[in-house]
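Below you'll find the structure, written out as C-alpha cells, and then a few comments.
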Amino acid sequence: MTTSSPSRFDVYEAITNQIIAAIETGSGKVQMPWHRSGASIMRPVNVASRNAYRGVNTVALWAAADAFGFPHGLWGTYRQWQDRGAQVRKGEKSSLIIFYKQFDADDQAEKSGSDQSNDDRRFIARASRVFNIAQVDGYVLSEPDISTDRIDPILAAESFIAGAGVSIAVGGERAYYNIKSDSITMPDRCRFIGTKTSTATEGWYSTLLHELVHYSGAEHRLNRTFGERFGDDAYAMEEMTAELGAAFLCGDLGITAEPRPDHADYIGHWLRILKGDRKAIFTAASAANKASEYLASLSNRERREAA
C-alpha cells in the first residue's frame, strides 16, 4: 500500500518520528535502534528481491524491529507476502519505508513535494508499508546448509579493514581519525573489556569501523561536508553518520553494533537535530550508506588486485 498525497501525509516526518520514538524509548538504556544483537544484527532484507534495504530504510526497519521485538530481518509488503503463499495476521501493524519515484520534469502535477537530483531528474518520495516475517503465517524460512563452512566474521572484518589501506596506530585511551596524518588511532586492546551483549572483540571492531567511516569522508575521498544547512550541528551530523555507517558495516560483517563509550553524550543532541529537521536522518543515513559502499569498494579492489 502506498500513499499519493504529500499534502496529507509527509513520509519524511512519519519515518523521522518513528525513529525518534525508538530512540526516546531506548535512551535510558544508552541503546539506539541500530544497535542490534543476535539474529537481528542482519541488514533488513526484502522477501521478494532478497536485496538488503539501504540508507534510511535500514534504520527505520531496525527501529521497528527494536520496538516490536522482531528477531529476524525479513520484510515484505502485504502483497509480497501473499505472492509467497503467506498471510499477514489480522491486526498486525505495518512499518514505514520510503522509495523514490522518478517522473518527467514536465509533469507539473507531480512537482509538489518532489526532490530534484543534480542531473535534473526529478523524484517524488513515496511511502510503502511492510510487515516483518514475525507478523505473517504460512512462510517457512529455509534451513541453512550445515555442510557449508561459515566465514569467521572477525576474519572478514580484518580483510575488510585491510582493504581500506588506512594506517592504524594502537595506544592510549582514545579512538579517533586524524585528518592531518590521514590515520586512525585506536585505544589499547586491553581497554575493551566487553559488555553483557558484546564481547571485547566486537567492541573493538565496531569502534574501529566507526573511525573508518570518518576516514571515508576525507576531502580526497568522499569529501563529506554538511555545510550551512546544519551549521553548528555539522559535527554531530558527522558523528551520527559514522555511527550509522559502523552499524551498517557491522550488519554486513556479522558483528554486534556496540555503542561507543561517548554515545550517551550525543543522544540529546541528535534528538534535537531530528526534531528540528525532518530530513536530517535521511541525510545522515544516505551519507552512511555511501561511506559503507565506498569502503566495500576499496576492500573489493584490494582483493581483486591481490588475486
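Ligands are numbered from 1 in the order shown, residues from 1 within each chain, and chains are lettered A, B, ... in the order they appear in the C-alpha cells.
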Selection: 12 Å around Phe282 in chain A, only C-alpha atoms, excl. self and same-chain fewer than 2 positions, as a PyMOL selection string: chain A and resi 11-16+19+54-60+97-99+125+237+240-241+244+273-274+277-280+284-289
Would you save the residues from that selection as a CSV table (one decimal), in the first residue's frame, using N, CA and C atoms?
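Dumped everything to again_6.csv:
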chain,number,residue,atom,x,y,z
A,11,VAL,N,5.9,11.7,4.4
A,11,VAL,CA,6.7,10.4,4.7
A,11,VAL,C,8.0,10.7,5.4
A,12,TYR,N,8.6,11.8,5.1
A,12,TYR,CA,9.9,12.2,5.8
A,12,TYR,C,9.6,12.4,7.3
A,13,GLU,N,8.5,13.1,7.6
A,13,GLU,CA,8.2,13.3,9.0
A,13,GLU,C,7.7,12.1,9.7
A,14,ALA,N,7.0,11.2,9.0
A,14,ALA,CA,6.5,10.0,9.6
A,14,ALA,C,7.6,9.0,10.0
A,15,ILE,N,8.6,8.9,9.1
A,15,ILE,CA,9.7,8.0,9.3
A,15,ILE,C,10.6,8.5,10.4
A,16,THR,N,10.9,9.9,10.3
A,16,THR,CA,11.7,10.5,11.4
A,16,THR,C,11.0,10.3,12.7
A,19,ILE,N,11.6,6.9,14.1
A,19,ILE,CA,13.0,6.7,14.6
A,19,ILE,C,13.1,7.4,15.9
A,54,ARG,N,18.4,-0.2,2.0
A,54,ARG,CA,19.5,0.7,2.0
A,54,ARG,C,19.1,2.0,2.8
A,55,GLY,N,20.2,2.7,3.2
A,55,GLY,CA,20.0,4.1,3.7
A,55,GLY,C,19.1,4.1,4.9
A,56,VAL,N,18.2,5.1,4.9
A,56,VAL,CA,17.3,5.3,6.0
A,56,VAL,C,16.3,4.2,6.2
A,57,ASN,N,16.0,3.4,5.1
A,57,ASN,CA,15.1,2.3,5.3
A,57,ASN,C,15.7,1.2,6.2
A,58,THR,N,17.0,1.1,6.2
A,58,THR,CA,17.7,0.2,7.1
A,58,THR,C,17.5,0.6,8.6
A,59,VAL,N,17.6,1.9,8.8
A,59,VAL,CA,17.5,2.5,10.1
A,59,VAL,C,16.0,2.4,10.6
A,60,ALA,N,15.1,2.7,9.7
A,60,ALA,CA,13.6,2.6,10.0
A,60,ALA,C,13.2,1.2,10.4
A,97,ILE,N,8.5,2.5,5.1
A,97,ILE,CA,9.7,2.7,4.4
A,97,ILE,C,9.5,3.7,3.3
A,98,ILE,N,10.5,4.2,2.7
A,98,ILE,CA,10.4,5.2,1.6
A,98,ILE,C,11.0,4.7,0.4
A,99,PHE,N,10.4,5.1,-0.8
A,99,PHE,CA,11.1,4.9,-2.1
A,99,PHE,C,10.8,6.1,-2.9
A,125,ALA,N,9.0,11.5,-3.3
A,125,ALA,CA,9.0,10.5,-2.2
A,125,ALA,C,7.7,9.8,-2.1
A,237,MET,N,26.2,15.8,13.1
A,237,MET,CA,25.8,15.0,12.0
A,237,MET,C,26.8,14.1,11.5
A,240,MET,N,26.8,11.1,13.8
A,240,MET,CA,25.7,10.3,13.5
A,240,MET,C,25.9,9.4,12.3
A,241,THR,N,26.5,10.0,11.3
A,241,THR,CA,26.8,9.3,10.0
A,241,THR,C,27.8,8.2,10.3
A,244,LEU,N,26.0,5.4,12.2
A,244,LEU,CA,25.2,4.6,11.3
A,244,LEU,C,26.0,3.8,10.4
A,273,ILE,N,18.3,17.6,16.8
A,273,ILE,CA,18.5,17.8,15.3
A,273,ILE,C,17.4,17.1,14.6
A,274,LEU,N,17.0,15.9,15.0
A,274,LEU,CA,16.0,15.2,14.2
A,274,LEU,C,14.6,15.8,14.4
A,277,ASP,N,14.7,19.0,12.1
A,277,ASP,CA,14.9,18.9,10.7
A,277,ASP,C,14.4,17.5,10.3
A,278,ARG,N,13.2,17.4,9.6
A,278,ARG,CA,12.6,16.1,9.3
A,278,ARG,C,13.4,15.3,8.4
A,279,LYS,N,14.4,15.9,7.7
A,279,LYS,CA,15.2,15.1,6.7
A,279,LYS,C,16.6,14.8,7.2
A,280,ALA,N,16.9,15.2,8.4
A,280,ALA,CA,18.3,15.0,9.0
A,280,ALA,C,18.7,13.6,9.0
A,284,ALA,N,21.9,11.8,7.0
A,284,ALA,CA,22.9,11.0,7.7
A,284,ALA,C,22.9,9.6,7.2
A,285,ALA,N,21.7,9.0,7.0
A,285,ALA,CA,21.7,7.6,6.6
A,285,ALA,C,22.2,7.4,5.1
A,286,SER,N,21.9,8.4,4.3
A,286,SER,CA,22.4,8.4,2.9
A,286,SER,C,23.9,8.5,2.9
A,287,ALA,N,24.5,9.4,3.7
A,287,ALA,CA,25.9,9.6,3.8
A,287,ALA,C,26.6,8.3,4.3
A,288,ALA,N,25.9,7.7,5.3
A,288,ALA,CA,26.5,6.5,5.9
A,288,ALA,C,26.4,5.3,4.9
A,289,ASN,N,25.4,5.3,4.1
A,289,ASN,CA,25.3,4.2,3.1
A,289,ASN,C,26.4,4.4,2.0
Residues flagged strand (DSSP E or B) by DSSP in range 112-255 of chain A, as a list in words: Ser114, Asp115, Gln116, Arg122, Phe123, Ile124, Ala125, Arg126, Ala127, Ser128, Arg129, Val130, Phe131, Asn132, Val136, Asp137, Ser167, Ile168, Ala169, Val170, Tyr176, Tyr177, Asn178, Ser183, Ile184, Thr185 and Met186 of chain A
Glu158 in chain A surroundings by only C-alpha atoms, 12 Å radius, close-in-sequence under 4 positions cut, as a list in words: Ile151, Asp152, Pro153, Ile154, Ala162, Gly163, Ala164, Gly165, Thr201, Trp204, Tyr205, Ser206, Leu208, Leu209, Leu253, Ile255 and Ser299 of chain A
Residue nearest Ala234 in chain A - candidates A:Arg84, A:Arg301, A:Arg122, A:His269, atoms counted: only C-alpha atoms: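 The closest residue to Ala234 in chain A is A:His269.
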Shortest interatomic distance to Ile124 in chain A - which of A:Asp232, A:Leu141, A:Arg43, A:Asp10, counting only C-alpha atoms: A:Asp10
Non-local contacts of Ile20 in chain A (10 Å; only C-alpha atoms; under 2 positions in same chain excluded) as a list in words: Ala14, Ile15, Thr16, Asn17, Gln18, Ala22, Ile23, Glu24, Thr25, Gly26, Met32, Pro33, Ala60, Ala63, Trp270, Leu271, Arg272, Leu274, Lys275 and Ile281 of chain A
Write the residues you've just listed into a file as a PDB file, in the first residue's frame, and include N, CA and C atoms for each of them.
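The result, stored in result19.pdb:
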ATOM      1  N   ALA A  14       6.979  11.219   9.017  1.00  0.00           N
ATOM      2  CA  ALA A  14       6.486   9.982   9.614  1.00  0.00           C
ATOM      3  C   ALA A  14       7.625   9.034   9.976  1.00  0.00           C
ATOM      4  N   ILE A  15       8.580   8.856   9.057  1.00  0.00           N
ATOM      5  CA  ILE A  15       9.696   7.961   9.336  1.00  0.00           C
ATOM      6  C   ILE A  15      10.611   8.550  10.405  1.00  0.00           C
ATOM      7  N   THR A  16      10.854   9.875  10.340  1.00  0.00           N
ATOM      8  CA  THR A  16      11.664  10.520  11.371  1.00  0.00           C
ATOM      9  C   THR A  16      11.036  10.330  12.743  1.00  0.00           C
ATOM     10  N   ASN A  17       9.718  10.507  12.844  1.00  0.00           N
ATOM     11  CA  ASN A  17       9.034  10.341  14.127  1.00  0.00           C
ATOM     12  C   ASN A  17       9.112   8.898  14.621  1.00  0.00           C
ATOM     13  N   GLN A  18       9.073   7.945  13.679  1.00  0.00           N
ATOM     14  CA  GLN A  18       9.189   6.535  14.045  1.00  0.00           C
ATOM     15  C   GLN A  18      10.551   6.261  14.676  1.00  0.00           C
ATOM     16  N   ALA A  22      11.700   5.434  18.752  1.00  0.00           N
ATOM     17  CA  ALA A  22      12.556   4.312  19.152  1.00  0.00           C
ATOM     18  C   ALA A  22      13.733   4.789  19.988  1.00  0.00           C
ATOM     19  N   ILE A  23      14.314   5.934  19.614  1.00  0.00           N
ATOM     20  CA  ILE A  23      15.447   6.472  20.372  1.00  0.00           C
ATOM     21  C   ILE A  23      15.009   6.889  21.779  1.00  0.00           C
ATOM     22  N   GLU A  24      13.877   7.561  21.860  1.00  0.00           N
ATOM     23  CA  GLU A  24      13.404   8.030  23.163  1.00  0.00           C
ATOM     24  C   GLU A  24      13.044   6.869  24.075  1.00  0.00           C
ATOM     25  N   THR A  25      12.576   5.789  23.487  1.00  0.00           N
ATOM     26  CA  THR A  25      12.256   4.602  24.284  1.00  0.00           C
ATOM     27  C   THR A  25      13.514   3.952  24.810  1.00  0.00           C
ATOM     28  N   GLY A  26      14.574   3.961  23.968  1.00  0.00           N
ATOM     29  CA  GLY A  26      15.788   3.254  24.341  1.00  0.00           C
ATOM     30  C   GLY A  26      16.863   4.100  24.981  1.00  0.00           C
ATOM     31  N   MET A  32      20.565   2.612  20.926  1.00  0.00           N
ATOM     32  CA  MET A  32      19.905   3.135  19.750  1.00  0.00           C
ATOM     33  C   MET A  32      19.290   1.989  18.964  1.00  0.00           C
ATOM     34  N   PRO A  33      18.280   2.266  18.149  1.00  0.00           N
ATOM     35  CA  PRO A  33      17.630   1.175  17.418  1.00  0.00           C
ATOM     36  C   PRO A  33      18.549   0.460  16.439  1.00  0.00           C
ATOM     37  N   ALA A  60      15.064   2.694   9.680  1.00  0.00           N
ATOM     38  CA  ALA A  60      13.641   2.646  10.011  1.00  0.00           C
ATOM     39  C   ALA A  60      13.206   1.231  10.389  1.00  0.00           C
ATOM     40  N   ALA A  63      14.627   0.206  13.689  1.00  0.00           N
ATOM     41  CA  ALA A  63      13.843   0.848  14.749  1.00  0.00           C
ATOM     42  C   ALA A  63      12.550   0.087  14.997  1.00  0.00           C
ATOM     43  N   TRP A 270      21.343  14.611  19.135  1.00  0.00           N
ATOM     44  CA  TRP A 270      20.761  14.017  17.936  1.00  0.00           C
ATOM     45  C   TRP A 270      19.244  14.177  17.914  1.00  0.00           C
ATOM     46  N   LEU A 271      18.623  13.967  19.065  1.00  0.00           N
ATOM     47  CA  LEU A 271      17.170  14.124  19.126  1.00  0.00           C
ATOM     48  C   LEU A 271      16.758  15.544  18.759  1.00  0.00           C
ATOM     49  N   ARG A 272      17.522  16.519  19.241  1.00  0.00           N
ATOM     50  CA  ARG A 272      17.198  17.913  18.921  1.00  0.00           C
ATOM     51  C   ARG A 272      17.310  18.165  17.417  1.00  0.00           C
ATOM     52  N   LEU A 274      17.029  15.885  14.956  1.00  0.00           N
ATOM     53  CA  LEU A 274      15.981  15.159  14.247  1.00  0.00           C
ATOM     54  C   LEU A 274      14.631  15.841  14.398  1.00  0.00           C
ATOM     55  N   LYS A 275      14.366  16.368  15.580  1.00  0.00           N
ATOM     56  CA  LYS A 275      13.088  17.035  15.799  1.00  0.00           C
ATOM     57  C   LYS A 275      13.019  18.380  15.076  1.00  0.00           C
ATOM     58  N   ILE A 281      17.808  12.687   9.425  1.00  0.00           N
ATOM     59  CA  ILE A 281      18.157  11.275   9.489  1.00  0.00           C
ATOM     60  C   ILE A 281      18.321  10.703   8.086  1.00  0.00           C
TER      61      ILE A 281
END
Shortest interatomic distance to His214 in chain A - which of A:Gly245, A:Gly254, A:Gly76, A:Pro44, counting only C-alpha atoms: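 The shortest atom-to-atom distance to His214 in chain A comes from A:Gly245.
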A:Ala65, A:Ile179, A:Val170, A:Ile184 ranked by distance to Phe131 in chain A, top pick (using only C-alpha atoms):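 Using only C-alpha atoms, Phe131 in chain A sits closest to A:Ala65.
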Given only C-alpha atoms as the counted atoms, nearest of A:Leu298, A:Ala236, A:Cys250, A:Val213 to Ala156 in chain A: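 With only C-alpha atoms as the atom set, the closest residue is A:Cys250.
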Which residue of A:Thr199, A:Ala291, A:Arg221, A:Thr256 approaches Ala242 in chain A most closely, using only C-alpha atoms: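 The closest residue to Ala242 in chain A is A:Ala291.
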Who sits within 12 Å of His220 in chain A, only C-alpha atoms, same chain under 4 positions skipped, as a PyMOL selection string: chain A and resi 179+182+215-216+224
Point-to-point distance from CA of Asn132 in chain A to CA of Leu96 in chain A, Å rounded to tenths: 11.4 Å
d(CA of Ile168 in chain A, CA of Lys180 in chain A) in Å: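 Separating CA of Ile168 in chain A from CA of Lys180 in chain A is a distance of 13.8 Å.
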